[in-house]
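Everything below belongs to data-v6.txt, which stores compact mmCIF, C-alpha atoms.
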# COMPACT_ATOMS: atom_id res chain seq x y z
CA MET A 15 -19.71 103.81 271.29
CA ASP A 16 -16.35 102.23 270.60
CA LYS A 17 -17.03 99.17 272.67
CA PHE A 18 -19.94 98.26 270.37
CA VAL A 19 -18.05 98.38 267.11
CA MET A 20 -15.93 95.27 267.44
CA PRO A 21 -18.73 92.94 268.66
CA VAL A 22 -21.12 94.12 265.94
CA VAL A 23 -18.62 93.86 263.13
CA LEU A 24 -17.50 90.45 264.31
CA GLY A 25 -21.09 89.26 264.70
CA VAL A 26 -22.09 90.44 261.25
CA PHE A 27 -19.03 88.84 259.73
CA LEU A 28 -19.45 85.45 261.39
CA GLY A 29 -23.23 85.39 260.89
CA THR A 30 -22.77 86.06 257.18
CA TYR A 31 -20.07 83.44 257.03
CA ALA A 32 -22.48 80.97 258.65
CA ARG A 33 -24.95 81.57 255.84
CA LEU A 34 -22.21 81.28 253.22
CA HIS A 35 -20.96 78.08 254.78
CA LEU A 36 -24.42 76.55 254.56
CA LEU A 37 -24.87 77.59 250.92
CA ARG A 38 -23.46 74.81 248.84
CA VAL A 39 -23.80 73.99 245.22
CA ASP A 40 -24.33 70.28 244.76
CA PHE A 41 -25.98 68.13 242.11
CA ARG A 42 -29.33 69.72 242.84
CA GLN A 43 -28.10 73.12 241.67
CA TYR A 44 -30.43 74.70 244.16
CA PRO A 45 -30.10 77.49 245.14
CA SER A 46 -28.96 78.36 241.67
CA TYR A 47 -25.64 80.04 241.09
CA PRO A 48 -24.95 82.98 240.88
CA GLN A 49 -28.30 84.79 241.24
CA GLY A 50 -29.80 82.57 243.92
CA TYR A 51 -26.53 82.80 245.83
CA THR A 52 -26.60 86.57 245.85
CA VAL A 53 -30.15 86.64 247.18
CA HIS A 54 -29.41 84.26 250.03
CA LEU A 55 -26.06 85.76 250.93
CA PHE A 56 -27.59 89.18 251.25
CA LEU A 57 -30.45 87.84 253.35
CA GLY A 58 -27.86 86.10 255.48
CA PHE A 59 -26.04 89.41 255.90
CA VAL A 60 -29.27 91.08 257.05
CA ALA A 61 -29.94 88.20 259.44
CA ALA A 62 -26.41 88.43 260.83
CA SER A 63 -26.77 92.16 261.35
CA MET A 64 -29.93 91.59 263.37
CA GLY A 65 -28.21 89.05 265.57
CA ALA A 66 -25.05 91.10 265.97
CA VAL A 67 -26.84 94.27 266.98
CA ALA A 68 -29.23 92.63 269.42
CA ILE A 69 -26.97 92.41 272.49
CA PRO A 70 -25.31 95.84 272.18
CA ALA A 71 -28.80 97.32 271.67
CA LEU A 72 -30.11 95.70 274.82
CA VAL A 73 -27.06 96.79 276.78
CA ALA A 74 -27.66 100.34 275.61
CA LYS A 75 -31.21 99.94 276.95
CA HIS A 76 -32.74 100.00 273.50
CA TYR A 77 -35.31 97.36 274.34
CA GLU A 78 -37.24 98.04 271.15
CA ALA A 79 -34.53 95.97 269.45
CA VAL A 80 -36.64 92.96 270.36
CA THR A 81 -39.36 94.20 268.02
CA PHE A 82 -36.85 94.13 265.22
CA LEU A 83 -36.22 90.47 265.89
CA ALA A 84 -39.95 89.89 265.53
CA LEU A 85 -39.79 91.76 262.25
CA ALA A 86 -36.92 89.56 261.15
CA LEU A 87 -38.97 86.49 261.92
CA GLN A 88 -41.66 87.79 259.58
CA GLN A 89 -39.04 88.39 256.89
CA PHE A 90 -37.62 84.92 257.09
CA ARG A 91 -41.02 83.35 256.98
CA GLU A 92 -41.42 85.30 253.77
CA VAL A 93 -38.21 83.66 252.54
CA ARG A 94 -39.82 80.29 253.04
CA ARG A 95 -42.95 81.36 251.19
CA VAL A 96 -40.97 82.71 248.25
CA GLU A 97 -38.82 79.58 248.03
CA ARG A 98 -41.88 77.37 248.14
CA GLU A 99 -43.67 79.33 245.45
CA THR A 100 -40.65 79.40 243.17
CA LEU A 101 -40.08 75.67 243.50
CA GLU A 102 -43.76 74.89 243.06
CA LYS A 103 -43.85 76.89 239.84
CA LEU A 104 -40.74 75.13 238.61
CA GLU A 105 -42.35 71.73 239.21
CA GLU A 106 -44.15 72.07 235.88
CA THR A 107 -40.83 72.27 234.10
CA GLU A 108 -39.39 69.15 235.71
CA LEU A 109 -39.59 65.82 233.92
CA VAL A 110 -39.69 64.23 237.36
CA PRO A 111 -41.15 66.70 239.89
CA ARG A 112 -39.74 67.03 243.40
CA GLY A 113 -43.14 66.61 245.00
CA THR A 114 -44.71 68.92 247.55
CA ALA A 115 -43.03 67.32 250.57
CA TYR A 116 -39.53 67.83 249.16
CA VAL A 117 -40.37 71.40 248.15
CA GLU A 118 -41.67 72.17 251.63
CA GLY A 119 -38.57 70.61 253.16
CA ILE A 120 -36.24 72.73 251.03
CA ALA A 121 -38.22 75.90 251.78
CA LYS A 122 -38.07 75.16 255.50
CA VAL A 123 -34.30 74.68 255.36
CA PHE A 124 -33.90 78.07 253.71
CA GLU A 125 -35.89 79.73 256.46
CA ALA A 126 -34.04 77.89 259.21
CA ARG A 127 -30.61 78.81 257.87
CA ASN A 128 -31.34 82.48 258.36
CA TYR A 129 -32.04 81.80 262.02
CA LEU A 130 -28.73 80.01 262.21
CA ALA A 131 -27.06 83.15 260.88
CA VAL A 132 -28.86 85.20 263.55
CA LEU A 133 -27.82 82.78 266.28
CA THR A 134 -24.19 82.67 265.19
CA ALA A 135 -24.01 86.46 265.08
CA LEU A 136 -25.67 86.63 268.49
CA VAL A 137 -23.16 84.24 270.06
CA ALA A 138 -20.16 85.94 268.47
CA SER A 139 -21.20 89.48 269.36
CA GLY A 140 -22.23 88.38 272.86
CA LEU A 141 -18.86 86.77 273.52
CA ALA A 142 -17.01 89.74 272.09
CA PHE A 143 -19.00 92.09 274.25
CA PHE A 144 -19.12 90.37 277.63
CA LEU A 145 -15.83 88.52 277.99
CA PRO A 146 -13.56 90.22 280.52
CA PHE A 147 -10.39 90.21 278.42
CA GLY A 148 -8.51 92.61 276.22
CA ALA A 149 -10.01 93.48 272.83
CA LEU A 150 -7.75 91.14 270.87
CA ALA A 151 -8.40 88.14 273.12
CA ARG A 152 -12.14 88.81 273.16
CA GLY A 153 -12.18 89.06 269.40
CA ALA A 154 -10.28 85.82 268.96
CA ILE A 155 -12.42 83.89 271.44
CA ALA A 156 -15.62 85.30 269.95
CA ALA A 157 -14.53 84.31 266.46
CA ALA A 158 -13.73 80.80 267.67
CA GLY A 159 -17.04 80.67 269.53
CA GLY A 160 -18.88 81.70 266.37
CA LEU A 161 -17.18 78.99 264.33
CA VAL A 162 -17.99 76.37 266.97
CA THR A 163 -21.61 77.55 266.91
CA ILE A 164 -21.72 77.11 263.14
CA PHE A 165 -20.26 73.63 263.48
CA LEU A 166 -22.68 72.59 266.24
CA LEU A 167 -25.71 74.03 264.46
CA GLU A 168 -24.74 72.34 261.23
CA LYS A 169 -24.42 69.01 263.01
CA SER A 170 -27.72 69.39 264.82
CA MET A 171 -29.54 70.28 261.59
CA GLU A 172 -28.51 67.14 259.73
CA GLY A 173 -31.69 65.33 258.83
CA GLY A 174 -30.40 61.90 257.91
CA VAL A 175 -30.38 60.03 254.64
CA VAL A 176 -32.22 56.99 253.31
CA SER A 177 -29.30 54.65 254.05
CA SER A 178 -29.92 55.20 257.78
CA LEU A 179 -33.45 53.80 257.33
CA ALA A 180 -33.01 50.99 254.88
CA ARG A 181 -30.84 48.51 253.04
CA ILE A 182 -30.78 49.06 249.31
CA ASN A 183 -30.29 46.19 246.92
CA PRO A 184 -30.25 46.31 243.14
CA ALA A 185 -32.93 43.91 241.88
CA PRO A 186 -33.95 42.46 238.51
CA LEU A 187 -36.91 43.76 236.51
CA GLU A 188 -39.46 41.32 235.22
CA PHE A 189 -42.72 41.47 233.26
CA ARG A 190 -45.57 39.13 234.14
CA GLY A 191 -47.87 39.85 231.21
CA PRO A 192 -48.16 43.63 231.19
CA GLN A 193 -47.30 43.93 234.91
CA LEU A 194 -43.84 45.18 235.77
CA PHE A 195 -42.25 43.76 238.93
CA VAL A 196 -39.00 44.49 240.74
CA GLU A 197 -38.28 41.18 242.39
CA ASP A 198 -41.69 40.54 244.01
CA THR A 199 -42.89 44.11 244.20
CA PHE A 200 -45.50 45.18 241.67
CA VAL A 201 -44.69 48.52 240.13
CA MET A 202 -46.95 49.29 237.17
CA ASN A 203 -48.88 48.07 234.18
CA VAL A 204 -47.19 48.76 230.86
CA GLY A 205 -49.35 48.13 227.81
CA LEU A 206 -47.03 48.81 224.90
CA ARG A 207 -44.74 45.92 223.97
CA GLU A 208 -42.12 48.24 222.59
CA SER A 209 -42.00 50.11 225.91
CA ARG A 210 -41.66 46.86 227.84
CA GLU A 211 -38.63 45.95 225.77
CA ILE A 212 -37.05 49.33 226.36
CA ILE A 213 -37.66 49.07 230.11
CA LEU A 214 -36.09 45.60 230.24
CA LYS A 215 -33.15 46.65 228.11
CA HIS A 216 -32.32 50.04 229.64
CA GLY A 217 -34.10 50.01 232.99
CA LEU A 218 -32.72 49.46 236.45
CA GLY A 219 -34.48 48.20 239.54
CA ALA A 220 -33.78 48.32 243.24
CA ILE A 221 -35.48 47.22 246.42
CA ILE A 222 -35.41 49.51 249.43
CA GLU A 223 -35.78 47.38 252.53
CA PRO A 224 -36.70 49.37 255.67
CA VAL A 225 -34.84 48.33 258.83
CA ASP A 226 -37.75 48.74 261.27
CA PRO A 227 -41.42 49.83 261.47
CA ASN A 228 -40.37 53.47 261.95
CA ALA A 229 -38.36 53.37 258.75
CA ARG A 230 -41.15 51.54 256.98
CA ALA A 231 -43.69 54.22 257.91
CA THR A 232 -41.34 57.00 256.80
CA LEU A 233 -40.38 55.39 253.50
CA SER A 234 -43.96 54.60 252.60
CA ASN A 235 -44.74 58.32 252.62
CA ILE A 236 -45.58 59.38 249.08
CA GLY A 237 -43.56 62.58 249.38
CA GLN A 238 -40.49 60.67 250.52
CA ARG A 239 -40.80 58.28 247.60
CA GLN A 240 -41.20 61.15 245.15
CA ALA A 241 -38.07 62.75 246.61
CA ILE A 242 -36.19 59.51 245.96
CA VAL A 243 -37.22 59.27 242.32
CA HIS A 244 -36.58 62.96 241.77
CA ASP A 245 -33.03 62.74 243.08
CA LEU A 246 -32.43 59.57 241.07
CA ALA A 247 -33.63 61.26 237.91
CA THR A 248 -31.38 64.25 238.60
CA ILE A 249 -28.31 62.12 239.21
CA LEU A 250 -28.69 59.23 236.75
CA GLY A 251 -30.79 61.05 234.15
CA VAL A 252 -34.01 59.76 232.64
CA ARG A 253 -34.43 58.23 229.21
CA LYS A 254 -37.75 59.94 228.75
CA ASP A 255 -39.51 62.91 227.27
CA LEU A 256 -42.78 64.58 228.14
CA ASP A 257 -44.85 62.23 225.97
CA GLU A 258 -43.44 58.99 227.36
CA PRO A 259 -45.01 58.60 230.79
CA GLU A 260 -44.13 54.89 230.98
CA PHE A 261 -40.45 55.75 231.45
CA THR A 262 -41.08 57.93 234.48
CA PRO A 263 -39.09 56.61 237.44
CA ILE A 264 -41.40 55.20 240.03
CA ALA A 265 -41.23 53.91 243.61
CA ARG A 266 -43.96 51.55 244.75
CA LEU A 267 -44.71 50.01 248.11
CA ASN A 268 -45.03 46.28 248.58
CA HIS A 269 -47.60 46.14 251.37
CA GLU A 270 -46.69 42.52 252.19
CA ASN A 271 -43.27 43.42 253.57
CA GLY A 272 -42.94 47.20 253.40
CA HIS A 273 -40.29 47.02 250.69
CA ILE A 274 -40.16 49.84 248.16
CA GLY A 275 -39.57 48.79 244.57
CA VAL A 276 -37.83 51.44 242.49
CA VAL A 277 -37.68 51.44 238.71
CA ILE A 278 -35.84 53.96 236.58
CA VAL A 279 -34.86 54.03 232.93
CA PRO A 280 -31.68 56.06 233.34
CA MET A 281 -29.30 57.67 230.90
CA ALA A 282 -26.38 56.16 232.77
CA ARG A 283 -27.13 52.53 233.53
CA ASP A 284 -25.12 51.52 236.57
CA GLU A 285 -26.45 49.47 239.46
CA GLU A 286 -23.82 50.59 241.95
CA ALA A 287 -24.49 54.26 241.18
CA LEU A 288 -28.22 53.64 241.58
CA LYS A 289 -27.64 52.15 245.01
CA MET A 290 -25.38 55.00 246.06
CA ALA A 291 -27.81 57.63 244.81
CA ILE A 292 -30.73 56.13 246.75
CA GLN A 293 -28.64 55.86 249.91
CA ARG A 294 -27.86 59.56 249.86
CA VAL A 295 -31.41 60.85 249.32
CA PRO A 296 -32.31 63.05 252.29
CA VAL A 297 -35.06 61.93 254.62
CA ILE A 298 -37.85 64.48 254.26
CA GLU A 299 -38.61 66.09 257.60
CA SER A 300 -42.36 66.02 257.11
CA ALA A 301 -42.30 62.36 256.07
CA LYS A 302 -40.67 61.13 259.27
CA ARG A 303 -42.86 58.83 261.34
CA ARG A 304 -42.08 57.03 264.58
CA PRO A 305 -44.90 54.62 265.38
CA LEU A 306 -42.56 52.77 267.75
CA GLU A 307 -42.46 55.83 270.02
CA ALA A 308 -46.10 55.28 270.90
CA ILE A 309 -46.93 52.64 273.50
CA ALA A 310 -49.72 51.27 271.34
CA GLY A 311 -47.41 51.21 268.33
CA LYS A 312 -44.69 49.35 270.20
CA GLU A 313 -47.18 46.77 271.47
CA ALA A 314 -48.77 46.36 268.06
CA TYR A 315 -45.49 45.63 266.30
CA LYS A 316 -44.27 43.35 269.10
CA ARG A 317 -47.38 41.18 269.02
CA ALA A 318 -47.79 41.20 265.28
CA ARG A 319 -44.30 39.80 264.84
CA MET B 30 -47.33 60.24 242.02
CA GLY B 31 -46.86 62.74 244.74
CA GLY B 32 -49.72 64.96 243.72
CA PRO B 33 -53.47 64.70 243.88
CA PHE B 34 -54.95 61.71 242.14
CA GLU B 35 -56.43 62.79 238.88
CA GLU B 36 -56.21 59.75 236.65
CA GLU B 37 -58.40 60.01 233.61
CA ILE B 38 -59.17 57.55 230.83
CA MET B 39 -58.41 59.41 227.62
CA ALA B 40 -59.17 56.66 225.10
CA VAL B 41 -59.60 52.94 224.61
CA VAL B 42 -58.05 50.82 221.84
CA THR B 43 -59.34 47.34 221.09
CA THR B 44 -59.67 44.67 218.46
CA ASP B 45 -62.82 43.24 220.03
CA LYS B 46 -65.99 45.31 219.83
CA ASP B 47 -67.68 43.19 222.51
CA TYR B 48 -65.43 44.42 225.27
CA VAL B 49 -66.02 48.14 224.95
CA GLY B 50 -68.75 50.73 225.10
CA GLY B 51 -69.72 53.99 226.78
CA ASP B 52 -68.68 57.53 226.27
CA VAL B 53 -64.89 57.26 226.08
CA PRO B 54 -63.28 57.67 222.68
CA ILE B 55 -62.92 54.13 221.31
CA PHE B 56 -60.48 53.20 218.56
CA PHE B 57 -60.91 49.89 216.79
CA ALA B 58 -57.93 48.07 215.36
CA ARG B 59 -57.91 45.17 212.90
CA ASP B 60 -55.14 43.21 214.58
CA GLU B 61 -52.63 43.25 217.44
CA ALA B 62 -49.98 45.13 215.47
CA GLU B 63 -52.43 47.83 214.52
CA LYS B 64 -53.69 48.06 218.11
CA GLU B 65 -50.12 48.51 219.31
CA GLN B 66 -49.40 51.17 216.71
CA VAL B 67 -52.59 53.13 217.35
CA ALA B 68 -52.08 52.98 221.10
CA LEU B 69 -48.48 54.18 220.77
CA THR B 70 -49.48 57.15 218.66
CA LEU B 71 -52.36 58.08 220.95
CA SER B 72 -50.16 57.75 224.00
CA ARG B 73 -47.58 60.14 222.58
CA ILE B 74 -50.18 62.65 221.41
CA LEU B 75 -52.11 62.60 224.67
CA ARG B 76 -49.02 62.33 226.87
CA ALA B 77 -50.72 59.46 228.58
CA MET B 78 -49.83 55.94 229.59
CA VAL B 79 -51.00 52.78 227.84
CA HIS B 80 -52.25 50.05 230.17
CA GLU B 81 -53.26 46.57 229.09
CA LEU B 82 -56.31 44.94 230.62
CA ALA B 83 -56.68 41.19 230.94
CA THR B 84 -59.12 41.28 228.01
CA GLY B 85 -56.39 42.62 225.74
CA VAL B 86 -58.05 46.04 225.65
CA TYR B 87 -55.64 48.98 225.85
CA VAL B 88 -56.76 51.88 228.00
CA ILE B 89 -54.89 55.15 227.66
CA VAL B 90 -54.77 56.88 231.01
CA ARG B 91 -53.37 60.25 231.93
CA HIS B 92 -51.80 60.11 235.38
Target format structure tokens, applied to this file:
Amino acid sequence: MDKFVMPVVLGVFLGTYARLHLLRVDFRQYPSYPQGYTVHLFLGFVAASMGAVAIPALVAKHYEAVTFLALALQQFREVRRVERETLEKLEETELVPRGTAYVEGIAKVFEARNYLAVLTALVASGLAFFLPFGALARGAIAAAGGLVTIFLLEKSMEGGVVSSLARINPAPLEFRGPQLFVEDTFVMNVGLRESREIILKHGLGAIIEPVDPNARATLSNIGQRQAIVHDLATILGVRKDLDEPEFTPIARLNHENGHIGVVIVPMARDEEALKMAIQRVPVIESAKRRPLEAIAGKEAYKRAR
Amino acid sequence: MGGPFEEEIMAVVTTDKDYVGGDVPIFFARDEAEKEQVALTLSRILRAMVHELATGVYVIVRH
């Protein structure tokens, strides 16, 4: 029995640490602190336990342990469902909603991170169990192995940000009659003169210029654009209340050149901050498109150029 | 944006009776200033956006 204790304890510890490491409070304040943290840490602990116990269980010929992994899978899928439902309900309370694509992306990340906890625990307990050294050396190598796993998994899960797809340039706002333009990109029709003045006085504009057809297809996704305006609104604030829809930040596609025109009436008016905020918006997994990967797509863009 | 498309015309504000008709609520204004004021109030009450058509008619649309 003794030989199981160290690998399991180590696995549980490192797996839980993996989950903790991936829980970070940033400007999004999601998961919320402290209640949301507690929920996810505990789930991470459960996930780590599953992973840590798996190898010792198999070695002890308890093959039914595999069924428990299947059970875990079910549990973590539940995590995704709960996250999605919570966020969807909260959408009504947001001045600028995240949009379904962003919500789905976040929910997916929460599910995936539990698997990372399982994997880390599995690697750590496996190393601690099978390595042919003394207990201390095995423990140390297993701990190092677990940390490396966390590092590698974290790297491989990075989804990219908007700045990898596009150049972002602050651009002037202009009204042509009631039509609002950012540079040459039409954004919306604003009827009220008073609102037009406010937009010109307090608003900021930017043009997101995709670097290639892949980026253009991804950035034109409505969910991706909603994610951009949501993050902008969170970071820069919005000079808007529920009954002032004309001050909602908006991202519109210019179908002539694939540029995205962004307009926001922020609380903090700073062009450089606007640019930085857009650059750091995550690329939504479900919005990613790669038309250039297809032979027909490659040909089409080559000839059309 | 981002959700299903459910735009709906809530009301119309105009100074010119010739341009409007049908079964949307229509508000007539005597002059531009009044049109602006009425549209602003309606927009805030209905939480809807005021759009200006080329004819000068204001349509109040919930997005």
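The residue that comes closest to chain A, out of B:Thr84, B:Ala68, B:Phe56, B:Gly50 and on the basis of only C-alpha atoms, is B:Ala68.
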Chain B contacts to chain A at 8 Å (only C-alpha atoms) as a ChimeraX atom specification: /B:30-32,65,68-69,72-81,87
At most 10 Å from (-55.9, 43.8, 219.6), file frame, all atoms listed in the file: which residues, as a list in words?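 So the residues meeting the distance criterion are Val42, Thr43, Thr44, Asp45, Phe57, Ala58, Arg59, Asp60, Glu61, Ala62, Glu63, Lys64, Glu65, Thr84, Gly85, Val86 and Tyr87 of chain B.
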When you look at Arg319 (chain A) with a cut-off of 12 Å (counting all atoms listed in the file), what residues show up, excluding the ones that are within fewer than 3 positions of it in the same chain? I need them as an mmCIF file with C-alpha atoms, in the coordinates of the input.
data_model
loop_
_atom_site.group_PDB
_atom_site.id
_atom_site.type_symbol
_atom_site.label_atom_id
_atom_site.label_comp_id
_atom_site.auth_asym_id
_atom_site.auth_seq_id
_atom_site.Cartn_x
_atom_site.Cartn_y
_atom_site.Cartn_z
ATOM 1 C CA ASP A 226 -37.750 48.740 261.270
ATOM 2 C CA PRO A 227 -41.420 49.830 261.470
ATOM 3 C CA ASN A 271 -43.270 43.420 253.570
ATOM 4 C CA LYS A 312 -44.690 49.350 270.200
ATOM 5 C CA GLU A 313 -47.180 46.770 271.470
ATOM 6 C CA ALA A 314 -48.770 46.360 268.060
ATOM 7 C CA TYR A 315 -45.490 45.630 266.300
ATOM 8 C CA LYS A 316 -44.270 43.350 269.100
#
In Å, with one decimal, what is the gap from CA of Met20 (chain A) to CA of Glu125 (chain A)?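 So the answer is 27.6 Å.
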Nearest-residue call for His216 (chain A), choices A:Leu233, A:Leu36, A:Val96, A:Ile278, using only C-alpha atoms: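 For His216 (chain A), the nearest of the candidates is A:Ile278.
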Which residues are close to Thr232 (chain A), i.e. within 8 Å by all atoms listed in the file, leaving aside same-chain residues fewer than 5 positions away? Reply as an NGL selection string. :A and (238 or 301-304)
